[in-house]
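Asks: Input structure: final00.txt, which contains compact mmCIF, C-alpha atoms.
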```txt
# COMPACT_ATOMS: atom_id res chain seq x y z
CA MET A 1 -116.41 -2.00 3.66
CA THR A 2 -119.27 -2.87 5.92
CA GLU A 3 -118.58 -4.56 9.25
CA GLY A 4 -118.76 -8.33 9.18
CA GLU A 5 -118.84 -8.51 5.40
CA PRO A 6 -116.21 -10.78 3.81
CA LEU A 7 -113.61 -9.14 1.54
CA ILE A 8 -114.89 -11.15 -1.43
CA ARG A 9 -118.43 -12.45 -1.76
CA TRP A 10 -118.16 -15.31 -4.23
CA ASP A 11 -121.95 -15.58 -4.59
CA TRP A 12 -122.02 -11.98 -5.92
CA ILE A 13 -119.30 -12.84 -8.43
CA ALA A 14 -121.16 -15.97 -9.57
CA SER A 15 -124.33 -13.98 -10.16
CA HIS A 16 -122.63 -11.20 -12.13
CA LEU A 17 -120.81 -13.18 -14.82
CA ASP A 18 -123.04 -11.61 -17.49
CA GLU A 19 -121.96 -8.15 -16.43
CA PHE A 20 -118.29 -9.18 -16.46
CA ALA A 21 -118.70 -10.40 -20.05
CA PHE A 22 -120.37 -7.13 -21.06
CA ARG A 23 -117.64 -5.04 -19.38
CA LEU A 24 -114.98 -7.20 -21.03
CA GLY A 25 -116.44 -6.40 -24.45
CA GLU A 26 -116.50 -2.69 -23.60
CA HIS A 27 -112.93 -2.75 -22.30
CA VAL A 28 -111.61 -4.60 -25.35
CA GLU A 29 -113.48 -2.29 -27.74
CA LEU A 30 -112.11 0.88 -26.11
CA THR A 31 -108.59 -0.59 -26.13
CA VAL A 32 -108.62 -1.89 -29.70
CA ILE A 33 -109.95 1.38 -31.14
CA ALA A 34 -107.37 3.39 -29.16
CA VAL A 35 -104.36 1.27 -30.12
CA GLY A 36 -105.58 0.85 -33.72
CA VAL A 37 -106.20 4.54 -34.38
CA GLY A 38 -103.09 5.42 -32.37
CA PHE A 39 -101.01 3.09 -34.50
CA VAL A 40 -102.22 4.58 -37.81
CA ILE A 41 -101.47 8.13 -36.61
CA ALA A 42 -98.13 7.09 -35.08
CA PHE A 43 -97.11 5.31 -38.29
CA ALA A 44 -97.82 8.42 -40.36
CA LEU A 45 -95.88 10.59 -37.88
CA SER A 46 -92.97 8.13 -37.94
CA LEU A 47 -92.77 8.19 -41.74
CA LEU A 48 -92.74 11.98 -41.52
CA ILE A 49 -89.84 11.85 -39.03
CA LEU A 50 -87.92 9.38 -41.21
CA ARG A 51 -88.38 11.51 -44.34
CA ALA A 52 -87.84 14.86 -42.60
CA PRO A 53 -85.72 14.34 -39.45
CA ARG A 54 -86.20 17.99 -38.52
CA THR A 55 -89.81 17.21 -37.50
CA GLU A 56 -88.59 14.77 -34.83
CA GLY A 57 -88.03 17.43 -32.17
CA PRO A 58 -91.48 19.07 -32.43
CA ILE A 59 -93.33 15.73 -32.75
CA THR A 60 -91.51 14.30 -29.71
CA TRP A 61 -92.27 17.47 -27.76
CA VAL A 62 -96.00 17.41 -28.56
CA THR A 63 -96.50 13.68 -27.96
CA GLY A 64 -94.34 13.88 -24.83
CA THR A 65 -96.37 16.75 -23.38
CA LEU A 66 -99.59 14.89 -24.18
CA TYR A 67 -98.17 11.84 -22.39
CA THR A 68 -97.32 13.92 -19.31
CA ILE A 69 -100.83 15.33 -18.84
CA PRO A 70 -102.63 13.19 -16.24
CA SER A 71 -105.41 11.12 -17.82
CA LEU A 72 -108.22 12.42 -15.64
CA ALA A 73 -107.18 16.01 -16.41
CA LEU A 74 -107.02 15.35 -20.16
CA PHE A 75 -110.49 13.79 -20.16
CA ALA A 76 -111.78 16.69 -18.05
CA LEU A 77 -110.34 19.25 -20.50
CA LEU A 78 -112.22 17.55 -23.36
CA ILE A 79 -115.59 17.12 -21.63
CA PRO A 80 -116.86 20.67 -22.29
CA TYR A 81 -116.30 20.05 -26.02
CA THR A 82 -117.09 16.39 -26.63
CA GLY A 83 -119.16 15.56 -23.53
CA LEU A 84 -119.31 12.28 -21.61
CA THR A 85 -118.88 10.23 -24.76
CA ILE A 86 -116.69 7.52 -26.21
CA VAL A 87 -115.11 10.25 -28.38
CA THR A 88 -113.72 11.99 -25.29
CA ALA A 89 -112.35 8.71 -24.01
CA GLU A 90 -110.77 7.77 -27.35
CA ILE A 91 -109.12 11.16 -27.99
CA GLY A 92 -107.38 10.83 -24.64
CA LEU A 93 -106.50 7.14 -25.02
CA VAL A 94 -105.17 7.61 -28.57
CA GLY A 95 -103.12 10.60 -27.41
CA TYR A 96 -101.35 8.50 -24.79
CA THR A 97 -100.31 5.77 -27.26
CA LEU A 98 -98.52 8.15 -29.65
CA LEU A 99 -95.25 8.80 -27.77
CA ILE A 100 -94.48 5.10 -27.23
CA LEU A 101 -95.57 3.98 -30.70
CA VAL A 102 -93.73 6.72 -32.62
CA ARG A 103 -90.56 6.11 -30.61
CA ASN A 104 -90.57 2.37 -31.34
CA ILE A 105 -91.56 2.60 -35.01
CA VAL A 106 -88.81 5.16 -35.70
CA ARG A 107 -86.23 3.23 -33.67
CA GLY A 108 -87.19 -0.04 -35.35
CA ILE A 109 -86.92 1.26 -38.91
CA ARG A 110 -83.70 3.17 -38.17
CA GLY A 111 -82.25 -0.04 -36.76
CA VAL A 112 -82.45 -1.84 -40.11
CA PRO A 113 -78.79 -2.39 -41.15
CA ALA A 114 -77.61 -0.10 -43.94
CA GLU A 115 -76.22 -3.10 -45.89
CA VAL A 116 -79.67 -4.67 -46.04
CA ARG A 117 -81.14 -1.43 -47.34
CA GLU A 118 -78.40 -1.06 -49.94
CA ALA A 119 -78.73 -4.66 -51.06
CA ALA A 120 -82.48 -4.15 -51.56
CA LEU A 121 -81.92 -0.97 -53.54
CA GLY A 122 -79.27 -2.77 -55.60
CA MET A 123 -81.79 -5.50 -56.36
CA GLY A 124 -84.11 -2.84 -57.75
CA TYR A 125 -86.62 -2.29 -54.93
CA ALA A 126 -88.63 0.92 -55.30
CA PRO A 127 -88.73 3.10 -52.13
CA GLY A 128 -92.29 2.00 -51.33
CA ASP A 129 -91.41 -1.68 -51.68
CA LEU A 130 -88.28 -1.12 -49.63
CA LEU A 131 -90.43 0.23 -46.77
CA TRP A 132 -93.15 -2.43 -46.79
CA ARG A 133 -91.18 -5.52 -47.80
CA ILE A 134 -87.78 -4.91 -46.18
CA GLU A 135 -87.79 -2.21 -43.49
CA VAL A 136 -91.16 -2.83 -41.80
CA PRO A 137 -90.75 -6.63 -41.55
CA LEU A 138 -87.25 -6.26 -40.08
CA ALA A 139 -88.44 -3.56 -37.69
CA LEU A 140 -91.47 -5.58 -36.65
CA ALA A 141 -90.01 -6.97 -33.41
CA VAL A 142 -89.26 -3.46 -32.10
CA ILE A 143 -92.59 -2.10 -33.40
CA ILE A 144 -94.58 -4.86 -31.70
CA ALA A 145 -92.63 -4.25 -28.48
CA GLY A 146 -94.03 -0.70 -28.64
CA VAL A 147 -97.55 -1.99 -29.36
CA ARG A 148 -97.27 -4.22 -26.28
CA ILE A 149 -96.39 -1.30 -23.99
CA ALA A 150 -99.10 0.87 -25.58
CA THR A 151 -101.71 -1.87 -25.18
CA ILE A 152 -100.88 -2.59 -21.55
CA SER A 153 -100.96 1.08 -20.57
CA THR A 154 -104.17 1.65 -22.56
CA ILE A 155 -105.91 -1.23 -20.76
CA GLY A 156 -104.96 0.45 -17.48
CA LEU A 157 -106.07 3.89 -18.64
CA VAL A 158 -109.43 2.59 -19.89
CA THR A 159 -110.38 2.01 -16.24
CA VAL A 160 -110.07 5.77 -15.64
CA THR A 161 -112.60 6.48 -18.41
CA ALA A 162 -115.23 5.03 -16.05
CA LEU A 163 -115.33 8.56 -14.60
CA ILE A 164 -116.64 9.87 -17.91
CA GLY A 165 -119.23 7.14 -18.31
CA GLN A 166 -117.14 4.59 -20.27
CA GLY A 167 -114.60 2.37 -18.61
CA GLY A 168 -115.17 -1.38 -19.11
CA PHE A 169 -113.89 -3.05 -15.93
CA GLY A 170 -113.25 0.46 -14.58
CA GLN A 171 -117.04 0.72 -14.04
CA LEU A 172 -116.79 -2.15 -11.55
CA ILE A 173 -113.90 -0.44 -9.73
CA LEU A 174 -115.70 2.91 -9.63
CA SER A 175 -119.01 1.47 -8.51
CA GLY A 176 -117.21 -0.62 -5.89
CA LEU A 177 -115.43 2.51 -4.63
CA GLN A 178 -118.65 4.51 -4.48
CA ARG A 179 -120.63 1.80 -2.68
CA PHE A 180 -117.69 0.65 -0.50
CA PHE A 181 -118.25 -2.81 -1.89
CA SER A 182 -114.88 -4.56 -1.87
CA THR A 183 -115.98 -7.59 -3.94
CA GLU A 184 -116.90 -5.42 -6.91
CA LEU A 185 -113.80 -3.23 -6.83
CA ILE A 186 -111.42 -6.15 -6.40
CA ALA A 187 -113.17 -7.99 -9.25
CA GLY A 188 -112.75 -4.93 -11.50
CA ALA A 189 -109.07 -4.49 -10.61
CA VAL A 190 -108.18 -8.18 -10.98
CA LEU A 191 -110.04 -8.55 -14.29
CA SER A 192 -108.32 -5.46 -15.68
CA VAL A 193 -104.85 -6.75 -14.77
CA ALA A 194 -105.76 -10.21 -16.12
CA LEU A 195 -106.86 -8.66 -19.41
CA ALA A 196 -103.54 -6.78 -19.66
CA ILE A 197 -101.57 -9.99 -19.08
CA CYS A 198 -103.64 -11.93 -21.66
CA ALA A 199 -103.32 -9.14 -24.24
CA ASP A 200 -99.55 -9.07 -23.71
CA ALA A 201 -99.27 -12.84 -24.11
CA LEU A 202 -101.36 -12.65 -27.30
CA LEU A 203 -99.10 -9.96 -28.75
CA VAL A 204 -95.98 -11.98 -27.92
CA ALA A 205 -97.52 -14.92 -29.79
CA VAL A 206 -98.36 -12.68 -32.76
CA GLN A 207 -94.82 -11.34 -32.79
CA GLN A 208 -93.28 -14.81 -32.78
CA ARG A 209 -95.60 -15.81 -35.61
CA LEU A 210 -94.73 -12.77 -37.72
CA THR A 211 -90.98 -12.75 -37.05
CA PRO A 212 -89.99 -16.43 -36.76
CA TRP A 213 -86.31 -15.51 -37.26
CA THR A 214 -86.15 -13.77 -33.85
CA ARG A 215 -87.02 -17.01 -32.07
CA ALA A 216 -83.72 -18.68 -32.90
CA ALA A 217 -81.79 -15.90 -31.14
CA MET B 218 -115.39 30.76 -26.08
CA THR B 219 -117.81 31.32 -23.20
CA LEU B 220 -116.14 28.38 -21.44
CA LEU B 221 -112.74 30.06 -21.52
CA ALA B 222 -114.33 33.26 -20.21
CA ASP B 223 -115.96 31.25 -17.42
CA VAL B 224 -112.66 29.58 -16.59
CA LEU B 225 -110.90 32.94 -16.52
CA ARG B 226 -113.60 34.28 -14.22
CA TRP B 227 -113.16 31.20 -12.02
CA PHE B 228 -109.44 31.86 -11.67
CA THR B 229 -109.93 35.57 -10.90
CA ASP B 230 -112.74 35.02 -8.38
CA PRO B 231 -111.27 35.80 -4.92
CA ALA B 232 -113.68 33.28 -3.36
CA HIS B 233 -111.58 30.50 -4.88
CA TYR B 234 -108.56 31.59 -2.86
CA ARG B 235 -110.24 31.44 0.55
CA GLY B 236 -111.17 28.64 2.94
CA GLY B 237 -110.66 24.88 2.78
CA ASP B 238 -111.32 24.65 -0.96
CA ALA B 239 -108.86 27.42 -1.89
CA VAL B 240 -106.58 26.82 -4.87
CA GLN B 241 -103.40 27.24 -2.79
CA THR B 242 -104.72 24.83 -0.12
CA ARG B 243 -105.52 22.16 -2.73
CA LEU B 244 -102.15 22.69 -4.39
CA VAL B 245 -100.30 22.23 -1.09
CA GLU B 246 -102.37 19.10 -0.32
CA HIS B 247 -101.52 17.72 -3.73
CA LEU B 248 -97.80 18.45 -3.35
CA GLU B 249 -97.66 17.08 0.22
CA LEU B 250 -99.31 13.81 -0.76
CA SER B 251 -97.21 13.38 -3.92
CA GLY B 252 -93.96 14.47 -2.26
CA LEU B 253 -94.37 12.05 0.65
CA ALA B 254 -95.23 9.16 -1.66
CA VAL B 255 -92.19 9.83 -3.88
CA LEU B 256 -89.98 10.21 -0.79
CA VAL B 257 -91.07 6.81 0.56
CA GLY B 258 -90.65 5.36 -2.95
CA VAL B 259 -87.08 6.69 -3.11
CA LEU B 260 -86.23 5.43 0.39
CA VAL B 261 -87.48 1.94 -0.47
CA ALA B 262 -86.49 1.57 -4.13
CA LEU B 263 -83.22 3.48 -4.42
CA PRO B 264 -81.08 1.40 -2.01
CA ILE B 265 -82.42 -1.83 -3.53
CA GLY B 266 -81.88 -0.64 -7.09
CA LEU B 267 -78.36 0.66 -6.37
CA TRP B 268 -77.34 -2.51 -4.57
CA LEU B 269 -78.74 -4.80 -7.27
CA GLY B 270 -77.01 -2.67 -9.90
CA HIS B 271 -73.69 -2.75 -8.04
CA THR B 272 -73.72 -6.50 -7.53
CA GLY B 273 -75.49 -7.31 -10.81
CA ARG B 274 -77.74 -9.74 -8.95
CA LEU B 275 -81.41 -10.48 -9.63
CA ALA B 276 -81.33 -8.67 -12.98
CA PHE B 277 -84.56 -10.37 -14.01
CA ILE B 278 -86.52 -8.91 -11.09
CA ALA B 279 -84.95 -5.46 -11.34
CA VAL B 280 -85.85 -5.11 -15.01
CA ASN B 281 -89.29 -6.70 -14.89
CA VAL B 282 -90.62 -4.86 -11.87
CA ALA B 283 -91.21 -1.86 -14.16
CA ASN B 284 -93.23 -3.92 -16.63
CA ILE B 285 -95.35 -5.39 -13.87
CA GLY B 286 -95.89 -1.89 -12.50
CA ARG B 287 -97.23 -0.76 -15.85
CA ALA B 288 -99.79 -3.57 -16.03
CA VAL B 289 -101.50 -2.58 -12.78
CA PRO B 290 -103.77 0.39 -13.54
CA SER B 291 -103.59 3.29 -11.10
CA LEU B 292 -107.34 3.16 -10.48
CA ALA B 293 -106.95 -0.52 -9.54
CA LEU B 294 -104.16 0.37 -7.09
CA LEU B 295 -106.47 2.89 -5.47
CA ALA B 296 -109.27 0.34 -5.40
CA LEU B 297 -107.04 -2.24 -3.73
CA ALA B 298 -105.58 0.27 -1.26
CA LEU B 299 -109.03 1.19 0.03
CA PRO B 300 -109.88 -2.14 1.72
CA ILE B 301 -106.33 -2.25 3.13
CA ALA B 302 -106.65 1.25 4.59
CA PHE B 303 -110.02 0.26 6.05
CA ALA B 304 -108.64 -2.92 7.56
CA LEU B 305 -105.86 -0.87 9.20
CA GLY B 306 -108.43 1.60 10.49
CA LEU B 307 -106.92 4.51 8.51
CA GLY B 308 -110.22 5.60 6.96
CA LEU B 309 -110.79 7.57 3.80
CA GLY B 310 -108.92 10.33 2.01
CA PHE B 311 -105.20 10.75 2.52
CA TRP B 312 -104.14 7.26 3.62
CA PRO B 313 -105.71 5.02 0.95
CA THR B 314 -104.37 7.37 -1.73
CA PHE B 315 -100.93 7.41 -0.11
CA LEU B 316 -100.88 3.60 0.04
CA ALA B 317 -101.88 3.42 -3.63
CA LEU B 318 -99.16 5.85 -4.72
CA ILE B 319 -96.19 4.03 -3.17
CA PRO B 320 -96.33 0.90 -5.36
CA LEU B 321 -96.70 3.28 -8.30
CA ALA B 322 -93.53 5.18 -7.36
CA ILE B 323 -91.27 2.19 -6.68
CA PRO B 324 -90.93 0.41 -10.09
CA PRO B 325 -89.49 3.25 -12.22
CA ILE B 326 -87.07 4.32 -9.46
CA LEU B 327 -85.85 0.78 -8.85
CA THR B 328 -85.44 -0.18 -12.50
CA ASN B 329 -83.71 3.08 -13.46
CA ALA B 330 -81.31 2.93 -10.50
CA TYR B 331 -80.43 -0.64 -11.46
CA VAL B 332 -79.87 0.17 -15.13
CA ALA B 333 -78.01 3.40 -14.29
CA VAL B 334 -75.45 1.65 -12.07
CA ARG B 335 -75.10 -1.29 -14.50
CA ASN B 336 -74.35 1.16 -17.32
CA VAL B 337 -71.40 2.74 -15.51
CA ASP B 338 -68.21 2.04 -17.42
CA ARG B 339 -66.56 -1.12 -16.01
CA ASP B 340 -63.14 0.50 -16.53
CA ALA B 341 -64.06 3.24 -14.06
CA THR B 342 -65.13 0.82 -11.32
CA GLU B 343 -62.13 -1.45 -11.95
CA ALA B 344 -59.79 1.55 -11.69
CA ALA B 345 -61.45 2.58 -8.41
CA ARG B 346 -61.11 -0.95 -7.07
CA GLY B 347 -57.44 -0.95 -8.11
CA MET B 348 -56.94 2.32 -6.26
CA GLY B 349 -58.14 0.61 -3.10
CA LEU B 350 -61.68 1.93 -2.72
CA SER B 351 -64.00 -0.28 -0.73
CA GLU B 352 -67.13 -1.68 -2.42
CA SER B 353 -69.37 0.88 -0.73
CA GLY B 354 -66.80 3.55 -1.62
CA ILE B 355 -67.01 2.56 -5.26
CA LEU B 356 -70.81 2.74 -5.14
CA ARG B 357 -70.84 6.09 -3.35
CA ARG B 358 -67.96 7.89 -5.03
CA VAL B 359 -67.79 6.45 -8.53
CA GLU B 360 -71.02 4.74 -9.56
CA LEU B 361 -73.49 7.10 -7.89
CA PRO B 362 -72.19 10.35 -9.46
CA LEU B 363 -71.96 8.77 -12.91
CA ALA B 364 -75.39 7.17 -12.63
CA LEU B 365 -77.11 10.24 -11.16
CA PRO B 366 -78.81 11.63 -14.30
CA LEU B 367 -80.44 8.28 -15.10
CA ILE B 368 -81.43 7.76 -11.45
CA LEU B 369 -83.11 11.18 -11.50
CA ALA B 370 -84.90 10.20 -14.72
CA GLY B 371 -86.47 7.31 -12.81
CA ILE B 372 -87.52 9.60 -9.97
CA ARG B 373 -88.98 11.97 -12.58
CA THR B 374 -91.12 9.22 -14.14
CA ALA B 375 -92.28 8.18 -10.68
CA SER B 376 -93.07 11.77 -9.68
CA VAL B 377 -95.09 12.52 -12.81
CA ASN B 378 -97.08 9.29 -12.36
CA VAL B 379 -97.63 10.02 -8.68
CA VAL B 380 -98.75 13.63 -9.29
CA ALA B 381 -101.15 12.34 -11.98
CA THR B 382 -102.59 9.58 -9.82
CA ALA B 383 -102.85 11.75 -6.70
CA THR B 384 -105.68 13.40 -8.67
CA LEU B 385 -107.71 10.21 -8.30
CA GLY B 386 -107.48 10.51 -4.51
CA ALA B 387 -110.48 12.85 -4.69
CA LEU B 388 -112.57 9.76 -5.51
CA VAL B 389 -111.97 8.41 -2.01
CA ALA B 390 -112.68 11.75 -0.35
CA GLY B 391 -109.06 12.89 -0.50
CA GLY B 392 -107.98 16.49 -1.04
CA GLY B 393 -105.67 17.87 -3.69
CA LEU B 394 -106.41 19.37 -7.07
CA GLY B 395 -108.44 16.32 -8.12
CA ARG B 396 -111.22 17.70 -5.88
CA TYR B 397 -112.07 20.30 -8.52
CA ILE B 398 -112.27 17.69 -11.28
CA VAL B 399 -114.35 15.18 -9.31
CA ASP B 400 -116.62 17.88 -7.82
CA GLY B 401 -116.85 19.66 -11.18
CA LEU B 402 -117.95 16.39 -12.78
CA GLY B 403 -120.41 15.63 -10.00
CA LEU B 404 -121.96 19.12 -9.94
CA GLN B 405 -121.66 19.51 -13.73
CA GLU B 406 -119.79 22.78 -13.18
CA TYR B 407 -117.60 22.84 -16.24
CA ASP B 408 -115.63 25.95 -15.25
CA ARG B 409 -114.50 24.27 -12.03
CA LEU B 410 -113.79 21.01 -13.89
CA PHE B 411 -111.77 22.75 -16.59
CA ALA B 412 -109.86 24.93 -14.11
CA GLY B 413 -108.94 21.87 -12.02
CA ALA B 414 -107.83 19.91 -15.08
CA LEU B 415 -105.71 22.85 -16.21
CA LEU B 416 -104.04 23.10 -12.79
CA VAL B 417 -103.30 19.36 -12.68
CA ALA B 418 -101.92 19.34 -16.24
CA LEU B 419 -99.69 22.36 -15.56
CA LEU B 420 -98.44 20.83 -12.31
CA ALA B 421 -97.48 17.58 -14.07
CA ILE B 422 -95.69 19.46 -16.85
CA ALA B 423 -93.92 21.66 -14.29
CA VAL B 424 -92.69 18.56 -12.41
CA GLU B 425 -91.47 16.99 -15.66
CA VAL B 426 -89.65 20.16 -16.77
CA SER B 427 -88.00 20.81 -13.38
CA PHE B 428 -86.63 17.29 -13.24
CA GLY B 429 -85.31 17.71 -16.79
CA VAL B 430 -83.33 20.76 -15.64
CA LEU B 431 -82.12 18.88 -12.56
CA GLU B 432 -81.00 15.91 -14.68
CA ARG B 433 -78.90 18.10 -16.95
CA ALA B 434 -77.32 19.82 -13.94
CA ALA B 435 -76.53 16.43 -12.39
CA ILE B 436 -74.32 15.23 -15.23
CA SER B 437 -70.84 14.81 -13.78
CA PRO B 438 -68.63 17.73 -15.03
CA GLY B 439 -65.99 15.32 -16.30
CA ILE B 440 -68.33 13.66 -18.79
CA ARG B 441 -70.47 16.65 -19.72
CA VAL B 442 -70.68 17.15 -23.46
CA GLU B 443 -72.35 19.93 -25.38
CA PRO B 444 -75.86 18.92 -26.42
CA ARG B 445 -75.94 18.10 -30.09
CA ALA B 446 -78.82 18.17 -32.51
CA LEU B 447 -80.35 14.81 -33.36
```
Translate the structure described by the file into structure tokens.
Replies:
Amino acid sequence: MTEGEPLIRWDWIASHLDEFAFRLGEHVELTVIAVGVGFVIAFALSLLILRAPRTEGPITWVTGTLYTIPSLALFALLIPYTGLTIVTAEIGLVGYTLLILVRNIVRGIRGVPAEVREAALGMGYAPGDLLWRIEVPLALAVIIAGVRIATISTIGLVTVTALIGQGGFGQLILSGLQRFFSTELIAGAVLSVALAICADALLVAVQQRLTPWTRAA
Amino acid sequence: MTLLADVLRWFTDPAHYRGGDAVQTRLVEHLELSGLAVLVGVLVALPIGLWLGHTGRLAFIAVNVANIGRAVPSLALLALALPIAFALGLGLGFWPTFLALIPLAIPPILTNAYVAVRNVDRDATEAARGMGLSESGILRRVELPLALPLILAGIRTASVNVVATATLGALVAGGGLGRYIVDGLGLQEYDRLFAGALLVALLAIAVEVSFGVLERAAISPGIRVEPRAL
């Protein structure tokens, strides 16, 4: 922070709107891939837990340990193998989504009332149909709650990937830190938080659309 | 495999245990910074959380402060703490990182303390009130012991987050184990980078595990049940 320089230079912001748009695209891309891939893996792990409850302990332990490892350390451990690439960033980001997503998917499907399940079986639903047409729709509110938490934390973690050459808005924060330029770092931080809030609002809207029956409650 | 050999050599090199960049020095720096931040977080958040939980007031704030905390990325906290530290004339390194860690530590401690006290069986607090305990007596002698494991769980979450984020302090010329990662990245010395990352990861896991032990020990003897398989 140079002497006599204002905390925020609005003229700099006005002249860098193109860069903000580019960083937004990057940030969204990193987040969507991470949550998308994370969700597919978490869903498979959850089905495994529901079929074979004995796997719950080991899966929770592994995803929990992964979640505990600080993001910068996890990225750093991967760099010697996958370099300063998007792959390094995504392996880490996907890893962090698993604990939250698995927990919510399992909790959501287990929370489906036994009577509902029995009624469906009595009506002749095959196990596959039971999962996709009864259990998943009823568990959707809890599952999307997990997706919301995973998305918000991923958007925050993406900023850290700036250190390995990715980062979206994190690049603005990092470059602002390195040049002691407060306008740039505040812009990066504010845009990242704003993106998290917008993404959360979007997911709430999606959830209300997909589970209209929860709105009455 | 050469990387692992390099990392092993890095750990066995006596030069890495001497001077200002010694492993033990960085570890102590990391623990000092994290410990102080968590301590301040506890001093600020715990009384508020306990009081809100006891009175049941402002539930909305107590529960949502954790969600808001999650939305603010740790790197952004550090970024925002830097101009503040500069404005206060505190300079680089320790202080901006410390300022960034406190808002990170507060939300999980506050929310957990609130939920922990709220979850205490109403019958127990009513019985204590009937026996003539004062309100602060109820909080201190009934609610606090019963809520302790969940309160510690909040402090654990805060501590793990703080230890993780203290690593980023190296970006603003702070010390701690993050130095090895940031310097290793900058100098492209992968053995240093990997060794630092390993130390940080192990420290975070160690903090998590120790709190887990503490939480189990803190369960009030009267309500302790044998752990059962899920």
Asks: Using all atoms listed in the file, find which residues of chain B lie within 6 Å of chain A and jot them down as a list in words.
Replies: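 In the required form, that comes to Ala288, Val289, Pro290, Ala293, Ala296, Ala381, Phe411, Ala414 and Ala418 of chain B.
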Asks: Pick the closest to Leu385 in chain B from B:Arg287, B:His247, B:His271, B:Arg226: which is it, counting only C-alpha atoms?
Replies: B:His247
Asks: I'd like to know which of A:Gly122, A:Gly165, A:Gly38, A:Pro6 is closest to Thr97 in chain A, using all atoms listed in the file.
Replies: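 Smallest separation from Thr97 in chain A among the options: A:Gly38.
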Asks: Neighbouring residues of range 104-116 of chain A were defined as those with any atom within 12 Å, considering only C-alpha atoms; residues of the same chain fewer than 2 positions away were excluded. Please report them as a PyMOL selection string.
Replies: chain A and resi 39-53+56+59-60+97-102+118-123+125+130-150
Asks: Nearest to Cys198 in chain A among A:Leu172, A:Leu210, A:Val62, A:Val28, with distances taken over all atoms listed in the file: which residue is it?
Replies: A:Val28
Asks: Interatomic distance between CA of Thr82 in chain A and CA of Tyr234 in chain B?
Replies: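 According to the coordinates, CA of Thr82 in chain A and CA of Tyr234 in chain B are separated by 29.5 Å.
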Asks: Mind giving me the straight-line distance from CA of Arg23 in chain A to CA of Ile8 in chain A in Å, one decimal?
Replies: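 So the two atoms, CA of Arg23 in chain A and CA of Ile8 in chain A, lie 19.2 Å apart.
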Asks: Quick one: everything within 8 Å of Glu246 in chain B, counting all atoms listed in the file, minus sequence neighbours fewer than 6 positions away in the same chain. Send it as an MDAnalysis selection string.
Replies: chainID B and resid 392:394
Asks: Hey, can you check how far CA of Gly273 in chain B sits from CA of Val332 in chain B?
Replies: 9.7 Å
Asks: Quick one: residues within 12 Å of Thr328 in chain B, only C-alpha atoms, excluding same-chain residues fewer than 4 positions away - as an NGL selection string?
Replies: :B and (259 or 262-270 or 275-286 or 322-324 or 332-335 or 367-372 or 374-375)
Asks: Would you export the selected residues with C-alpha atoms as an mmCIF file, in the frame of the given file, please?
Replies:
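File written: again-v3.cif
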```
data_model
loop_
_atom_site.group_PDB
_atom_site.id
_atom_site.type_symbol
_atom_site.label_atom_id
_atom_site.label_comp_id
_atom_site.auth_asym_id
_atom_site.auth_seq_id
_atom_site.Cartn_x
_atom_site.Cartn_y
_atom_site.Cartn_z
ATOM 1 C CA VAL B 259 -87.080 6.690 -3.110
ATOM 2 C CA ALA B 262 -86.490 1.570 -4.130
ATOM 3 C CA LEU B 263 -83.220 3.480 -4.420
ATOM 4 C CA PRO B 264 -81.080 1.400 -2.010
ATOM 5 C CA ILE B 265 -82.420 -1.830 -3.530
ATOM 6 C CA GLY B 266 -81.880 -0.640 -7.090
ATOM 7 C CA LEU B 267 -78.360 0.660 -6.370
ATOM 8 C CA TRP B 268 -77.340 -2.510 -4.570
ATOM 9 C CA LEU B 269 -78.740 -4.800 -7.270
ATOM 10 C CA GLY B 270 -77.010 -2.670 -9.900
ATOM 11 C CA LEU B 275 -81.410 -10.480 -9.630
ATOM 12 C CA ALA B 276 -81.330 -8.670 -12.980
ATOM 13 C CA PHE B 277 -84.560 -10.370 -14.010
ATOM 14 C CA ILE B 278 -86.520 -8.910 -11.090
ATOM 15 C CA ALA B 279 -84.950 -5.460 -11.340
ATOM 16 C CA VAL B 280 -85.850 -5.110 -15.010
ATOM 17 C CA ASN B 281 -89.290 -6.700 -14.890
ATOM 18 C CA VAL B 282 -90.620 -4.860 -11.870
ATOM 19 C CA ALA B 283 -91.210 -1.860 -14.160
ATOM 20 C CA ASN B 284 -93.230 -3.920 -16.630
ATOM 21 C CA ILE B 285 -95.350 -5.390 -13.870
ATOM 22 C CA GLY B 286 -95.890 -1.890 -12.500
ATOM 23 C CA ALA B 322 -93.530 5.180 -7.360
ATOM 24 C CA ILE B 323 -91.270 2.190 -6.680
ATOM 25 C CA PRO B 324 -90.930 0.410 -10.090
ATOM 26 C CA VAL B 332 -79.870 0.170 -15.130
ATOM 27 C CA ALA B 333 -78.010 3.400 -14.290
ATOM 28 C CA VAL B 334 -75.450 1.650 -12.070
ATOM 29 C CA ARG B 335 -75.100 -1.290 -14.500
ATOM 30 C CA LEU B 367 -80.440 8.280 -15.100
ATOM 31 C CA ILE B 368 -81.430 7.760 -11.450
ATOM 32 C CA LEU B 369 -83.110 11.180 -11.500
ATOM 33 C CA ALA B 370 -84.900 10.200 -14.720
ATOM 34 C CA GLY B 371 -86.470 7.310 -12.810
ATOM 35 C CA ILE B 372 -87.520 9.600 -9.970
ATOM 36 C CA THR B 374 -91.120 9.220 -14.140
ATOM 37 C CA ALA B 375 -92.280 8.180 -10.680
#
```
Asks: Choose the residue, out of B:Leu356, B:Leu318, B:Ala298, B:Leu410, that has the smallest atom-to-atom separation from Val257 in chain B; count all atoms listed in the file.
Replies: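 Selected residue with least distance to Val257 in chain B: B:Leu318.
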